[in-house]
Structures are given as C-alpha cells and as structure tokens.
file start07.cif (mmCIF, C-alpha atoms and all ligand atoms)
data_input
#
loop_
_atom_site.label_atom_id
_atom_site.label_comp_id
_atom_site.auth_asym_id
_atom_site.auth_seq_id
_atom_site.Cartn_x
_atom_site.Cartn_y
_atom_site.Cartn_z
CA MET B 1 32.99 -28.52 31.31
CA LYS B 2 32.91 -27.96 35.06
CA LYS B 3 29.87 -29.22 36.93
CA GLY B 4 27.32 -26.56 37.67
CA LYS B 5 28.26 -24.43 34.71
CA THR B 6 25.80 -24.62 31.89
CA ILE B 7 26.60 -23.09 28.57
CA LEU B 8 23.82 -20.68 27.82
CA ARG B 9 23.57 -21.39 24.16
CA GLN B 10 25.30 -24.37 22.60
CA PRO B 11 26.27 -24.32 18.93
CA ALA B 12 23.94 -26.37 16.72
CA GLU B 13 26.54 -29.15 16.20
CA LEU B 14 26.52 -29.82 19.97
CA LEU B 15 22.86 -29.12 20.54
CA PHE B 16 21.89 -31.66 17.88
CA LYS B 17 24.88 -33.97 18.19
CA LYS B 18 22.76 -37.12 18.57
CA GLU B 19 20.69 -36.27 15.51
CA LEU B 20 23.76 -35.54 13.40
CA THR B 21 25.43 -38.82 14.44
CA ALA B 22 22.27 -40.78 13.61
CA LEU B 23 21.91 -39.10 10.23
CA LYS B 24 25.54 -39.86 9.41
CA LYS B 25 24.97 -43.55 10.17
CA ALA B 26 21.86 -43.62 7.99
CA ASP B 27 23.47 -41.81 5.08
CA ASP B 28 23.84 -43.89 1.92
CA TYR B 29 23.69 -41.04 -0.56
CA PRO B 30 26.72 -39.59 -2.34
CA LYS B 31 28.47 -36.78 -0.48
CA PRO B 32 30.33 -33.84 -1.96
CA GLU B 33 33.99 -33.87 -0.90
CA ASN B 34 34.53 -32.80 2.70
CA TRP B 35 30.82 -32.78 3.54
CA GLN B 36 29.83 -34.62 6.72
CA LEU B 37 26.43 -35.50 5.29
CA SER B 38 24.92 -35.87 1.83
CA PRO B 39 22.75 -33.00 0.56
CA GLN B 40 19.64 -35.18 1.09
CA ARG B 41 20.51 -35.78 4.74
CA VAL B 42 21.36 -32.11 5.28
CA VAL B 43 17.84 -31.24 4.12
CA ASP B 44 16.44 -33.98 6.40
CA PHE B 45 18.34 -32.43 9.30
CA ILE B 46 16.90 -29.01 8.65
CA MET B 47 13.33 -30.07 7.82
CA GLY B 48 13.13 -33.02 10.24
CA CYS B 49 12.37 -36.68 9.52
CA GLN B 50 11.89 -40.03 11.23
CA LEU B 51 14.86 -42.40 11.20
CA ASP B 52 14.63 -45.99 12.49
CA LYS B 53 15.43 -45.19 16.10
CA ILE B 54 15.38 -41.45 16.40
CA LYS B 55 13.25 -38.56 15.34
CA ILE B 56 15.10 -35.72 13.68
CA SER B 57 13.47 -32.53 14.89
CA PRO B 58 12.46 -29.91 12.34
CA LYS B 59 14.66 -26.81 12.60
CA TYR B 60 13.05 -24.76 9.85
CA PHE B 61 9.30 -24.51 9.36
CA GLY B 62 8.45 -23.55 5.84
CA ASP B 63 8.96 -24.52 2.25
CA ARG B 64 11.23 -27.54 1.83
CA SER B 65 12.20 -26.48 -1.67
CA LEU B 66 13.84 -23.30 -0.32
CA ILE B 67 16.13 -25.40 1.83
CA GLU B 68 16.83 -27.74 -1.10
CA ILE B 69 17.88 -24.75 -3.20
CA ALA B 70 20.09 -23.49 -0.38
CA VAL B 71 21.79 -26.86 0.11
CA ALA B 72 22.23 -27.45 -3.62
CA THR B 73 23.83 -24.00 -3.95
CA LEU B 74 26.39 -24.85 -1.31
CA ALA B 75 27.44 -27.88 -3.33
CA THR B 76 28.22 -25.64 -6.32
CA ASP B 77 30.83 -22.94 -6.62
CA ARG B 78 28.36 -20.17 -5.89
CA ALA B 79 27.94 -18.85 -2.39
CA LEU B 80 24.60 -18.65 -0.60
CA LEU B 81 22.91 -15.45 0.50
CA LEU B 82 19.94 -15.77 2.86
CA THR B 83 17.89 -12.60 2.93
CA GLY B 84 14.51 -11.56 4.20
CA ILE B 85 13.02 -9.31 6.81
CA PRO B 86 14.26 -9.56 10.42
CA GLY B 87 13.34 -12.65 12.38
CA THR B 88 12.76 -15.04 9.48
CA ALA B 89 15.37 -17.57 10.70
CA LYS B 90 18.26 -16.55 8.42
CA THR B 91 20.83 -16.87 11.19
CA TRP B 92 19.25 -20.02 12.57
CA VAL B 93 19.16 -21.75 9.16
CA SER B 94 22.72 -20.67 8.39
CA GLU B 95 24.03 -22.05 11.68
CA ASN B 96 22.25 -25.36 11.21
CA LEU B 97 23.40 -25.72 7.60
CA ALA B 98 27.02 -25.18 8.64
CA ALA B 99 26.63 -27.65 11.53
CA ALA B 100 25.22 -30.31 9.21
CA ILE B 101 27.63 -29.82 6.33
CA THR B 102 30.92 -29.12 8.12
CA GLY B 103 30.17 -30.16 11.69
CA ASN B 104 31.25 -26.70 12.82
CA SER B 105 29.08 -23.60 12.74
CA ARG B 106 31.65 -21.37 14.40
CA LEU B 107 33.70 -20.21 11.43
CA LEU B 108 31.92 -16.91 11.59
CA VAL B 109 32.48 -13.29 10.69
CA GLN B 110 30.03 -10.85 12.22
CA GLY B 111 29.45 -7.96 9.86
CA THR B 112 29.21 -4.50 11.42
CA ALA B 113 29.88 -0.96 10.28
CA GLY B 114 33.32 -1.38 11.90
CA THR B 115 34.27 -4.72 10.30
CA HIS B 116 37.78 -4.50 8.91
CA GLU B 117 39.25 -6.29 5.90
CA ASP B 118 41.50 -8.26 8.29
CA GLN B 119 38.43 -10.04 9.61
CA LEU B 120 37.58 -11.27 6.11
CA LEU B 121 41.10 -11.92 4.81
CA TYR B 122 44.03 -12.08 7.23
CA GLY B 123 45.81 -9.97 9.80
CA TRP B 124 49.24 -9.98 11.43
CA ASN B 125 50.61 -10.79 14.83
CA TYR B 126 52.52 -7.55 15.35
CA PRO B 127 55.18 -8.69 17.84
CA ILE B 128 56.22 -11.50 15.46
CA LEU B 129 55.90 -9.22 12.45
CA LEU B 130 58.21 -6.65 14.07
CA ALA B 131 60.73 -9.26 15.18
CA LYS B 132 60.83 -11.40 12.05
CA GLY B 133 59.14 -9.46 9.29
CA PRO B 134 56.31 -10.89 7.16
CA VAL B 135 56.81 -14.61 7.73
CA PRO B 136 54.05 -17.25 7.60
CA GLU B 137 53.99 -17.63 11.40
CA ALA B 138 53.18 -13.91 11.76
CA LEU B 139 50.03 -14.28 9.68
CA VAL B 140 46.70 -14.46 11.51
CA PRO B 141 44.15 -16.13 9.25
CA SER B 142 40.53 -14.95 9.28
CA PRO B 143 37.71 -17.48 9.67
CA VAL B 144 37.29 -17.20 5.88
CA MET B 145 40.89 -18.24 5.26
CA ARG B 146 40.61 -21.10 7.75
CA GLY B 147 37.46 -22.29 6.02
CA MET B 148 39.15 -22.13 2.62
CA GLU B 149 42.11 -24.17 3.79
CA SER B 150 40.06 -26.79 5.60
CA GLY B 151 37.21 -27.09 3.07
CA ALA B 152 34.58 -25.82 5.47
CA ILE B 153 31.45 -23.67 5.41
CA VAL B 154 32.10 -20.12 6.62
CA ARG B 155 29.27 -17.91 7.84
CA ILE B 156 29.13 -14.19 7.32
CA GLU B 157 26.41 -12.63 9.42
CA GLU B 158 24.82 -9.35 8.39
CA LEU B 159 26.92 -8.96 5.27
CA THR B 160 25.28 -5.70 4.28
CA ARG B 161 26.15 -3.99 7.54
CA MET B 162 29.75 -3.89 6.39
CA PRO B 163 30.70 -0.92 4.24
CA PHE B 164 30.58 -2.05 0.65
CA GLU B 165 34.34 -1.59 0.03
CA ILE B 166 34.89 -4.22 2.72
CA GLN B 167 32.20 -6.51 1.30
CA ASP B 168 33.96 -6.34 -2.04
CA ALA B 169 37.06 -7.99 -0.57
CA LEU B 170 35.04 -11.20 -1.04
CA ILE B 171 34.71 -10.84 -4.80
CA THR B 172 38.10 -12.24 -5.75
CA LEU B 173 38.12 -15.04 -3.31
CA LEU B 174 34.62 -16.12 -4.36
CA SER B 175 35.50 -16.22 -8.04
CA GLU B 176 39.14 -17.36 -7.86
CA LYS B 177 38.73 -19.56 -4.78
CA SER B 178 42.06 -18.26 -3.64
CA MET B 179 43.29 -15.40 -1.50
CA PRO B 180 46.50 -13.65 -2.55
CA ILE B 181 48.96 -12.82 0.25
CA PRO B 182 51.32 -10.38 -1.50
CA GLU B 183 53.43 -9.82 1.63
CA LEU B 184 54.47 -13.49 1.57
CA ASN B 185 54.45 -13.71 -2.18
CA GLN B 186 52.05 -16.63 -2.01
CA GLU B 187 48.37 -17.39 -1.94
CA SER B 188 45.95 -19.38 0.10
CA ASN B 189 43.88 -21.83 -1.96
CA ALA B 190 40.46 -23.11 -1.11
CA ILE B 191 39.89 -26.84 -1.08
CA SER B 192 36.63 -28.65 -1.87
CA GLY B 193 33.91 -28.18 0.69
CA PHE B 194 34.65 -24.50 1.20
CA ASN B 195 31.75 -22.17 0.68
CA ILE B 196 30.15 -19.14 2.26
CA ILE B 197 26.68 -18.62 3.73
CA ALA B 198 25.96 -14.93 4.18
CA THR B 199 22.89 -13.47 5.81
CA ALA B 200 21.53 -10.00 5.21
CA ASN B 201 18.31 -8.34 6.16
CA ASP B 202 16.83 -5.83 3.83
CA ARG B 203 14.83 -3.76 6.28
CA ASP B 204 16.97 -2.34 9.08
CA LYS B 205 18.67 1.02 9.10
CA GLY B 206 22.42 1.16 8.46
CA ILE B 207 22.36 -1.26 5.56
CA HIS B 208 24.80 -0.85 2.67
CA GLU B 209 23.74 -2.10 -0.74
CA MET B 210 25.83 -4.91 -2.20
CA SER B 211 27.72 -4.20 -5.39
CA SER B 212 26.31 -6.03 -8.38
CA ALA B 213 29.67 -7.78 -8.86
CA LEU B 214 29.38 -9.31 -5.40
CA ARG B 215 25.68 -10.07 -5.72
CA ARG B 216 26.34 -12.12 -8.86
CA ARG B 217 28.59 -14.42 -6.91
CA PHE B 218 25.80 -15.36 -4.56
CA ASN B 219 22.67 -17.37 -5.10
CA THR B 220 19.99 -15.56 -3.13
CA VAL B 221 17.31 -17.36 -1.16
CA VAL B 222 14.64 -15.18 0.41
CA LEU B 223 13.20 -16.58 3.62
CA PRO B 224 9.55 -15.51 3.90
CA LEU B 225 7.33 -14.87 6.89
CA PRO B 226 5.31 -17.90 8.03
CA GLU B 227 2.33 -18.60 5.79
CA SER B 228 -0.31 -19.35 8.37
CA ILE B 229 -1.12 -18.89 12.03
CA GLU B 230 -0.73 -22.64 12.57
CA MET B 231 2.77 -22.61 11.13
CA GLU B 232 3.78 -19.59 13.18
CA LEU B 233 2.41 -21.34 16.27
CA GLU B 234 4.59 -24.38 15.52
CA ILE B 235 7.65 -22.13 15.28
CA VAL B 236 6.87 -20.33 18.53
CA ARG B 237 6.17 -23.59 20.39
CA ASN B 238 9.44 -25.01 19.18
CA ARG B 239 11.48 -22.07 20.31
CA ILE B 240 10.02 -21.63 23.78
CA ALA B 241 12.90 -21.90 26.24
CA PRO B 242 13.03 -25.61 27.17
CA GLU B 243 14.23 -24.96 30.71
CA LEU B 244 11.12 -22.88 31.34
CA MET B 245 8.90 -25.42 29.60
CA ALA B 246 10.10 -28.09 32.02
CA GLU B 247 9.06 -25.95 34.97
CA ARG B 248 5.63 -25.41 33.60
CA ASP B 249 2.39 -26.98 34.69
CA LYS B 250 1.48 -29.37 31.88
CA LYS B 251 -2.27 -28.91 32.38
CA ALA B 252 -1.92 -25.26 31.52
CA ASP B 253 -0.72 -26.17 28.07
CA LYS B 254 -3.96 -26.00 26.11
CA SER B 255 -5.23 -22.65 27.34
CA SER B 256 -1.74 -21.13 27.07
CA ILE B 257 -1.55 -22.24 23.45
CA GLU B 258 -4.88 -20.54 22.75
CA GLU B 259 -3.51 -17.32 24.27
CA ILE B 260 -0.32 -17.55 22.19
CA LYS B 261 -2.48 -18.10 19.12
CA ARG B 262 -4.30 -14.84 19.87
CA VAL B 263 -1.00 -12.99 20.01
CA ILE B 264 0.08 -14.52 16.69
CA THR B 265 -3.24 -13.47 15.17
CA ILE B 266 -2.71 -9.87 16.35
CA PHE B 267 0.78 -9.82 14.83
CA LYS B 268 -0.42 -11.33 11.57
CA GLU B 269 -3.34 -8.95 11.18
CA LEU B 270 -1.19 -5.90 11.82
CA ARG B 271 1.54 -7.23 9.53
CA ASP B 272 -0.94 -7.94 6.71
CA GLY B 273 -2.91 -4.71 7.25
CA LYS B 274 -6.21 -6.59 7.38
CA THR B 275 -8.18 -8.87 9.66
CA ILE B 276 -7.98 -12.62 9.13
CA ASP B 277 -11.48 -12.71 7.61
CA GLY B 278 -10.37 -9.98 5.19
CA LYS B 279 -13.35 -7.78 6.11
CA LEU B 280 -11.50 -4.86 7.66
CA SER B 281 -8.40 -3.16 6.40
CA LEU B 282 -6.01 -1.85 9.01
CA LYS B 283 -3.12 0.56 9.18
CA LYS B 284 0.22 -1.27 9.21
CA PRO B 285 2.86 -0.36 11.80
CA GLY B 286 6.13 0.83 10.29
CA SER B 287 8.27 -1.50 12.42
CA THR B 288 8.69 -5.17 11.58
CA MET B 289 6.41 -7.57 13.33
CA SER B 290 8.48 -10.73 13.31
CA THR B 291 8.04 -14.20 14.70
CA ALA B 292 11.25 -13.65 16.64
CA GLU B 293 9.51 -10.93 18.63
CA ILE B 294 6.58 -13.20 19.41
CA ILE B 295 9.05 -15.82 20.64
CA GLY B 296 10.75 -13.23 22.85
CA MET B 297 7.43 -12.07 24.21
CA VAL B 298 6.18 -15.56 25.00
CA ASN B 299 9.47 -16.51 26.69
CA ASN B 300 9.24 -13.38 28.76
CA ALA B 301 5.66 -14.11 29.80
CA LEU B 302 6.64 -17.70 30.59
CA ALA B 303 9.53 -16.56 32.78
CA MET B 304 7.19 -14.23 34.64
CA ALA B 305 4.64 -17.02 35.03
CA VAL B 306 7.24 -19.48 36.33
CA TYR B 307 8.96 -17.16 38.75
CA PHE B 308 6.26 -14.73 39.81
CA GLY B 309 2.92 -16.08 38.64
CA ASN B 310 0.81 -19.20 38.76
CA ARG B 311 3.14 -21.08 36.40
CA LYS B 312 0.92 -20.78 33.36
CA ILE B 313 0.99 -18.23 30.61
CA ASP B 314 -2.25 -16.35 30.79
CA GLY B 315 -3.62 -13.69 28.50
CA GLU B 316 -2.97 -10.98 31.01
CA LEU B 317 0.76 -11.66 31.13
CA LEU B 318 0.98 -11.64 27.36
CA ALA B 319 -1.20 -8.57 26.98
CA LYS B 320 1.02 -6.64 29.38
CA ASN B 321 3.91 -6.99 26.96
CA LEU B 322 1.93 -6.52 23.76
CA LYS B 323 2.11 -2.77 23.40
CA ASN B 324 5.83 -2.59 24.22
CA THR B 325 6.61 -5.27 21.69
CA ILE B 326 4.50 -3.80 18.91
CA VAL B 327 5.00 -0.06 19.37
CA LYS B 328 8.74 0.30 18.84
CA ASN B 329 8.53 3.64 17.14
CA GLN B 330 5.89 6.03 18.43
CA ASP B 331 5.66 7.90 15.12
CA THR B 332 4.97 4.91 12.93
CA ASP B 333 3.42 2.31 15.22
CA LEU B 334 1.23 4.04 17.80
CA ILE B 335 -1.66 5.05 15.55
CA PRO B 336 -1.99 1.61 13.92
CA TRP B 337 -1.82 0.00 17.38
CA ASN B 338 -4.50 2.24 18.90
CA GLU B 339 -6.70 1.70 15.89
CA TYR B 340 -6.29 -2.07 16.22
CA VAL B 341 -7.14 -2.02 19.93
CA GLU B 342 -10.36 -0.07 19.40
CA MET B 343 -11.49 -1.43 16.04
CA VAL B 344 -10.61 -5.09 16.41
CA MET B 345 -9.64 -6.14 19.90
CA LYS B 346 -12.51 -4.37 21.64
CA LYS B 347 -15.07 -6.01 19.38
CA ARG B 348 -13.93 -9.59 19.82
CA GLU B 349 -15.43 -11.31 22.83
CA ASP B 350 -12.61 -13.79 23.21
CA TYR B 351 -10.10 -10.92 23.26
CA ASP B 352 -11.82 -9.08 26.07
CA HIS B 353 -9.21 -10.07 28.69
CA PHE B 354 -6.53 -8.67 26.36
CA TYR B 355 -8.50 -5.51 25.78
CA GLN B 356 -9.01 -4.92 29.50
CA VAL B 357 -5.23 -4.97 30.00
CA VAL B 358 -4.10 -3.00 26.96
CA ALA B 359 -6.78 -0.37 27.39
CA GLU B 360 -5.54 -0.12 30.99
CA LYS B 361 -8.93 -0.87 32.40
CA LYS B 362 -7.42 -3.30 34.86
N1 LIG R 401 10.31 -20.38 9.64
C1 LIG R 401 10.94 -20.56 10.80
N2 LIG R 401 11.31 -21.80 11.19
C2 LIG R 401 11.94 -22.00 12.38
N3 LIG R 401 12.28 -21.02 13.23
C3 LIG R 401 11.93 -19.77 12.89
C4 LIG R 401 11.26 -19.46 11.68
N4 LIG R 401 11.05 -18.13 11.61
C5 LIG R 401 11.58 -17.62 12.74
N5 LIG R 401 12.11 -18.58 13.50
C6 LIG R 401 12.76 -18.40 14.81
O1 LIG R 401 12.90 -17.01 15.02
C7 LIG R 401 14.06 -16.75 15.77
C8 LIG R 401 14.85 -15.63 15.11
O2 LIG R 401 15.49 -16.13 14.00
P1 LIG R 401 16.86 -15.55 13.46
O3 LIG R 401 17.63 -14.88 14.54
O4 LIG R 401 17.53 -16.66 12.73
O5 LIG R 401 16.31 -14.44 12.47
P2 LIG R 401 17.07 -13.58 11.39
O6 LIG R 401 16.32 -13.79 10.13
O7 LIG R 401 18.52 -13.90 11.39
O8 LIG R 401 16.80 -12.11 11.93
P3 LIG R 401 17.72 -10.78 11.81
O9 LIG R 401 17.52 -10.25 10.43
O10 LIG R 401 17.13 -9.90 12.87
O11 LIG R 401 19.13 -11.20 12.09
C9 LIG R 401 14.83 -18.04 15.88
O12 LIG R 401 14.65 -18.52 17.17
C10 LIG R 401 14.17 -18.94 14.87
O13 LIG R 401 14.18 -20.26 15.30
MG MG R 402 20.22 -12.81 11.91
#
call {"tool": "encode", "arguments": {"input": "start07.cif", "output": "structure tokens"}}
result
Amino acid sequence: MKKGKTILRQPAELLFKKELTALKKADDYPKPENWQLSPQRVVDFIMGCQLDKIKISPKYFGDRSLIEIAVATLATDRALLLTGIPGTAKTWVSENLAAAITGNSRLLVQGTAGTHEDQLLYGWNYPILLAKGPVPEALVPSPVMRGMESGAIVRIEELTRMPFEIQDALITLLSEKSMPIPELNQESNAISGFNIIATANDRDKGIHEMSSALRRRFNTVVLPLPESIEMELEIVRNRIAPELMAERDKKADKSSIEEIKRVITIFKELRDGKTIDGKLSLKKPGSTMSTAEIIGMVNNALAMAVYFGNRKIDGELLAKNLKNTIVKNQDTDLIPWNEYVEMVMKKREDYDHFYQVVAEKK
C-alpha cells in the first residue's frame, strides 16, 4: 500500500491479523478439514478471551451459546442463516466468522433485487465464449463456486432481497455439494471446509420469503437486540470510530459515557414501549431503533465535537441528532417521539439539557 493512503475499512482478517495469528499458535484442539482454527478458537475469536501474551477483543456482545451454535453449524453440512432485525450484527458476525474459519471474508455475494443467477453460480467471458465456444477458460466462477472448490466459507448478504427463484439456485448446491455445468458437461464439486453463511433481516421492505425447501437447508440463528443498557453501551463504546477516539480529550470520557447512556435509554424505552422502571407504557415508533443507529449517531456527534466543538461529546450534540435518527417515518414515528419528549424527557431532571434542545427551547 502506498504511504499516505489508508484503507477506509479493512476486512476482519487484516484488522485482527495479530489476534488470528496468536489464536492459531495457541490452538491445540482438533480442526475440521480446511479450517484455519478449531471451532473452540473461532468462538474465542468472536467472544474474546485472554491468551498468554495478547488479549483477544470481543467482537460480538451477547449470548455465547448463539455463537457456539453458529460455529458448530458451519462444521456440519448445513448452511448457516443469521437473521434478526436490522443492526443486530448479522453482517459483522458473518464477516468475522469467515475471517476466523477461512482467513478470507471476501468471498461474498451481495443480494439485491437485481442479483442474477450468474452471481451465485457461474457466468461466461463472452469474448472467449464467442471465439472458442463453451470451454473451461471461458467460465467465470462466482464466489460460491470459488468457495466450493477451495473449501472456504462463502458469505451471502441479504439473501432475502434476491427474488426467490434466484435464491432457489442454492438448493441443489447445498444438498448435493456440487454445481452442475451442463455447457461443459461436467460439474464443480465442493471440498471440505466449504459452507455458506447467509444473512437476512426480517423487517425491511422489499424482502422475499425463502422457499421452505431452501430454509430447510439452513440452520437459523436469530441475533437478538442487546439485553441491557450496559451491554448496549459496551457495543457502542467498542464501535466508536478509533481515529476519532484518539483525537478526543480523555478527561471528557466519563461525562460523555453518561450522555451516551441517556441516548441508549431513550432508544430502549421507545423500542420496548415502556420506561425502564416499567411504570409508564409508551407508544412504539414503527421504524427500527437499532444499536447500529446509536453507533452512527455517536460517531457523528464525536466528529462534530472533534472538528467543530470542544472535543467532547456533550448532551447537546447528541440531542441535536436525536429526532432525525428516531423519526425516520413521519407517519409512524412522530407521535411516539413527541409523546416521549413530553411525557418522559421533560419530567426527568437529568434529561433537561436534552429536552431544551429537542423541544427547541435553545
Ligand atoms: N451484539 C452486538 N455485538 C457487537 N456489535 C454489535 C452488536 N449489535 C450491533 N453491533 C454493531 O452494530 C453495527 C451494525 O451491525 P451490522 O451491520 O452487522 O448489522 P446487521 O444485523 O447486518 O444489520 P442489517 O440488517 O441492517 O444489515 C456493527 O458495527 C456492529 O458491530
Ligand atoms: Mg447486514
């Protein structure tokens, strides 16, 4: 890489290269064929642990047994489907699992309404096809085919955004572990280590149901929302942009964390439709209120603080973004938001600085 050019977002296998190397050295457990790490060490990578010389950072905050189920599934001949509402770390977990198991998280098909079968199976290099006809060198393998032939984990993002006829192209290859290529009168066979991690969210518009035949070939793991405010705070703190963190005044840390905690509380109460003490029930906004949005909001406030403010995240900066982040759809979110501002925020003394901003009194 040329000096002065920083890759904006490194793949997990590079981002956590040191951790993966250390785990490999410390791995005495049996490994499935073509896995870089044993299932135990893959779970350690995702959940975090302390090795002799290095701390493995936690990537997923939540129930360890969910990750154990996911990893165990990948060692069987069933594929793994991670589902859940938006922002519950499906993509993040899938990337880190592929990085730990195969050492490459980039065998990836992005599902969209326009995904074509070629992107799941194989396509053709037309100049060669026209010159020589259907010969092996004219074939362009998809990431799925490359994963099959090299015994690697392939990721399919947003599986249910693909029309279901396209999704169904996976059925045969998942059960037969081979992909017929009738034009060449041959087939591509998967070797050990190949498997698929698909992600799908069940909330957004434009989702196509999976056929039951395809669903049966997957083991489904549902990633839930964080259980408690403390856990959600851990997640947010971990995902705050490190380059902004480094710029920040360390002394500001404690009060900023308290402010972030207030934001998490607001999200949780609206999401649950009741206050934390359970005394007041609230209208729930129709849009999702995910951790990912809190992370985005905090990073935004931090950037504003670093570049335009006094380098610390204060309540005012966060409050300025609150309404925009929460009210995504006027029809379904505005009434619950206004109710929350007047019924909850206004009455809490320690939220007064938030209230002053959101009620536009400042
Ligand atoms: N339980 C969690 N543990 C660790 N990180 C989390 C957790 N929940 C959310 N996050 C963070 O939230 C962000 C969004 O996660 P991600 O993009 O993986 O969500 P997703 O479930 O794929 O959402 P979508 O359905 O919108 O694609 C990531 O930065 C991720 O680290
Ligand atoms: Mg995702």
call {"tool": "closest_residue", "arguments": {"input": "start07.cif", "among": "B:Ser150, B:Gln40, B:Asn34, B:Thr291", "to": "ligand LIG 401 (chain R)", "atoms": "all atoms listed in the file"}}
result
B:Thr291
call {"tool": "residues_around", "arguments": {"input": "start07.cif", "residues": "B:His116", "least_positions_apart": "3", "cutoff": "9 Å", "atoms": "only C-alpha atoms", "output": "JSON, numbers by chain"}}
result
{"B": [112, 113, 119, 120, 162, 166]}
call {"tool": "atom_distance", "arguments": {"input": "start07.cif", "atom1": "atom CA of B:Arg155", "atom2": "atom CA of B:Leu233"}}
result
28.4 Å
call {"tool": "closest_residue", "arguments": {"input": "start07.cif", "among": "B:Ile85, B:Asp350, B:Lys5, B:Ile191", "to": "B:Arg271", "atoms": "only C-alpha atoms"}}
result
B:Ile85
call {"tool": "atom_distance", "arguments": {"input": "start07.cif", "atom1": "atom CA of B:Asp28", "atom2": "atom CA of B:Lys59"}}
result
22.1 Å
call {"tool": "decode", "arguments": {"input": "start07.cif", "residues": "stretch 89-97 of chain B", "atoms": "all heavy atoms", "output": "tab-separated table (two decimals), in the first residue's frame"}}
result
chain	number	residue	atom	x	y	z
B	89	ALA	N	-25.91	-6.97	14.22
B	89	ALA	CA	-24.56	-7.52	13.99
B	89	ALA	C	-24.52	-8.76	13.11
B	89	ALA	O	-23.53	-9.51	13.15
B	89	ALA	CB	-23.82	-7.75	15.31
B	90	LYS	N	-25.51	-8.99	12.30
B	90	LYS	CA	-25.50	-10.18	11.42
B	90	LYS	C	-24.31	-10.12	10.46
B	90	LYS	O	-23.55	-11.08	10.35
B	90	LYS	CB	-26.81	-10.25	10.61
B	90	LYS	CG	-28.05	-10.32	11.48
B	90	LYS	CD	-29.31	-10.42	10.65
B	90	LYS	CE	-29.67	-9.16	9.90
B	90	LYS	NZ	-29.97	-8.00	10.78
B	91	THR	N	-24.17	-8.98	9.79
B	91	THR	CA	-23.07	-8.84	8.83
B	91	THR	C	-21.72	-8.91	9.53
B	91	THR	O	-20.80	-9.58	9.07
B	91	THR	CB	-23.22	-7.48	8.10
B	91	THR	OG1	-24.49	-7.48	7.45
B	91	THR	CG2	-22.14	-7.28	7.07
B	92	TRP	N	-21.64	-8.25	10.65
B	92	TRP	CA	-20.38	-8.18	11.41
B	92	TRP	C	-19.96	-9.57	11.89
B	92	TRP	O	-18.81	-9.97	11.78
B	92	TRP	CB	-20.61	-7.19	12.56
B	92	TRP	CG	-19.50	-6.99	13.54
B	92	TRP	CD1	-19.55	-7.20	14.87
B	92	TRP	CD2	-18.18	-6.48	13.26
B	92	TRP	NE1	-18.36	-6.87	15.45
B	92	TRP	CE2	-17.50	-6.43	14.49
B	92	TRP	CE3	-17.52	-6.10	12.10
B	92	TRP	CZ2	-16.18	-6.00	14.60
B	92	TRP	CZ3	-16.20	-5.66	12.21
B	92	TRP	CH2	-15.55	-5.61	13.44
B	93	VAL	N	-20.91	-10.34	12.42
B	93	VAL	CA	-20.61	-11.69	12.90
B	93	VAL	C	-20.22	-12.57	11.70
B	93	VAL	O	-19.25	-13.33	11.75
B	93	VAL	CB	-21.81	-12.30	13.67
B	93	VAL	CG1	-21.64	-13.79	13.90
B	93	VAL	CG2	-21.99	-11.57	15.00
B	94	SER	N	-20.96	-12.44	10.60
B	94	SER	CA	-20.67	-13.28	9.44
B	94	SER	C	-19.26	-13.01	8.90
B	94	SER	O	-18.50	-13.93	8.60
B	94	SER	CB	-21.77	-13.00	8.39
B	94	SER	OG	-21.27	-12.97	7.11
B	95	GLU	N	-18.89	-11.74	8.84
B	95	GLU	CA	-17.55	-11.40	8.35
B	95	GLU	C	-16.47	-11.98	9.26
B	95	GLU	O	-15.49	-12.56	8.81
B	95	GLU	CB	-17.41	-9.87	8.26
B	95	GLU	CG	-16.04	-9.45	7.81
B	95	GLU	CD	-15.83	-7.93	7.76
B	95	GLU	OE1	-16.82	-7.18	7.85
B	95	GLU	OE2	-14.66	-7.53	7.63
B	96	ASN	N	-16.68	-11.84	10.57
B	96	ASN	CA	-15.66	-12.32	11.50
B	96	ASN	C	-15.59	-13.84	11.55
B	96	ASN	O	-14.51	-14.41	11.73
B	96	ASN	CB	-15.89	-11.73	12.89
B	96	ASN	CG	-15.36	-10.31	12.96
B	96	ASN	OD1	-14.15	-10.10	12.98
B	96	ASN	ND2	-16.25	-9.33	12.94
B	97	LEU	N	-16.73	-14.51	11.37
B	97	LEU	CA	-16.70	-15.98	11.31
B	97	LEU	C	-15.89	-16.43	10.09
B	97	LEU	O	-15.04	-17.32	10.19
B	97	LEU	CB	-18.12	-16.54	11.22
B	97	LEU	CG	-18.95	-16.56	12.51
B	97	LEU	CD1	-20.39	-16.97	12.21
B	97	LEU	CD2	-18.33	-17.51	13.53
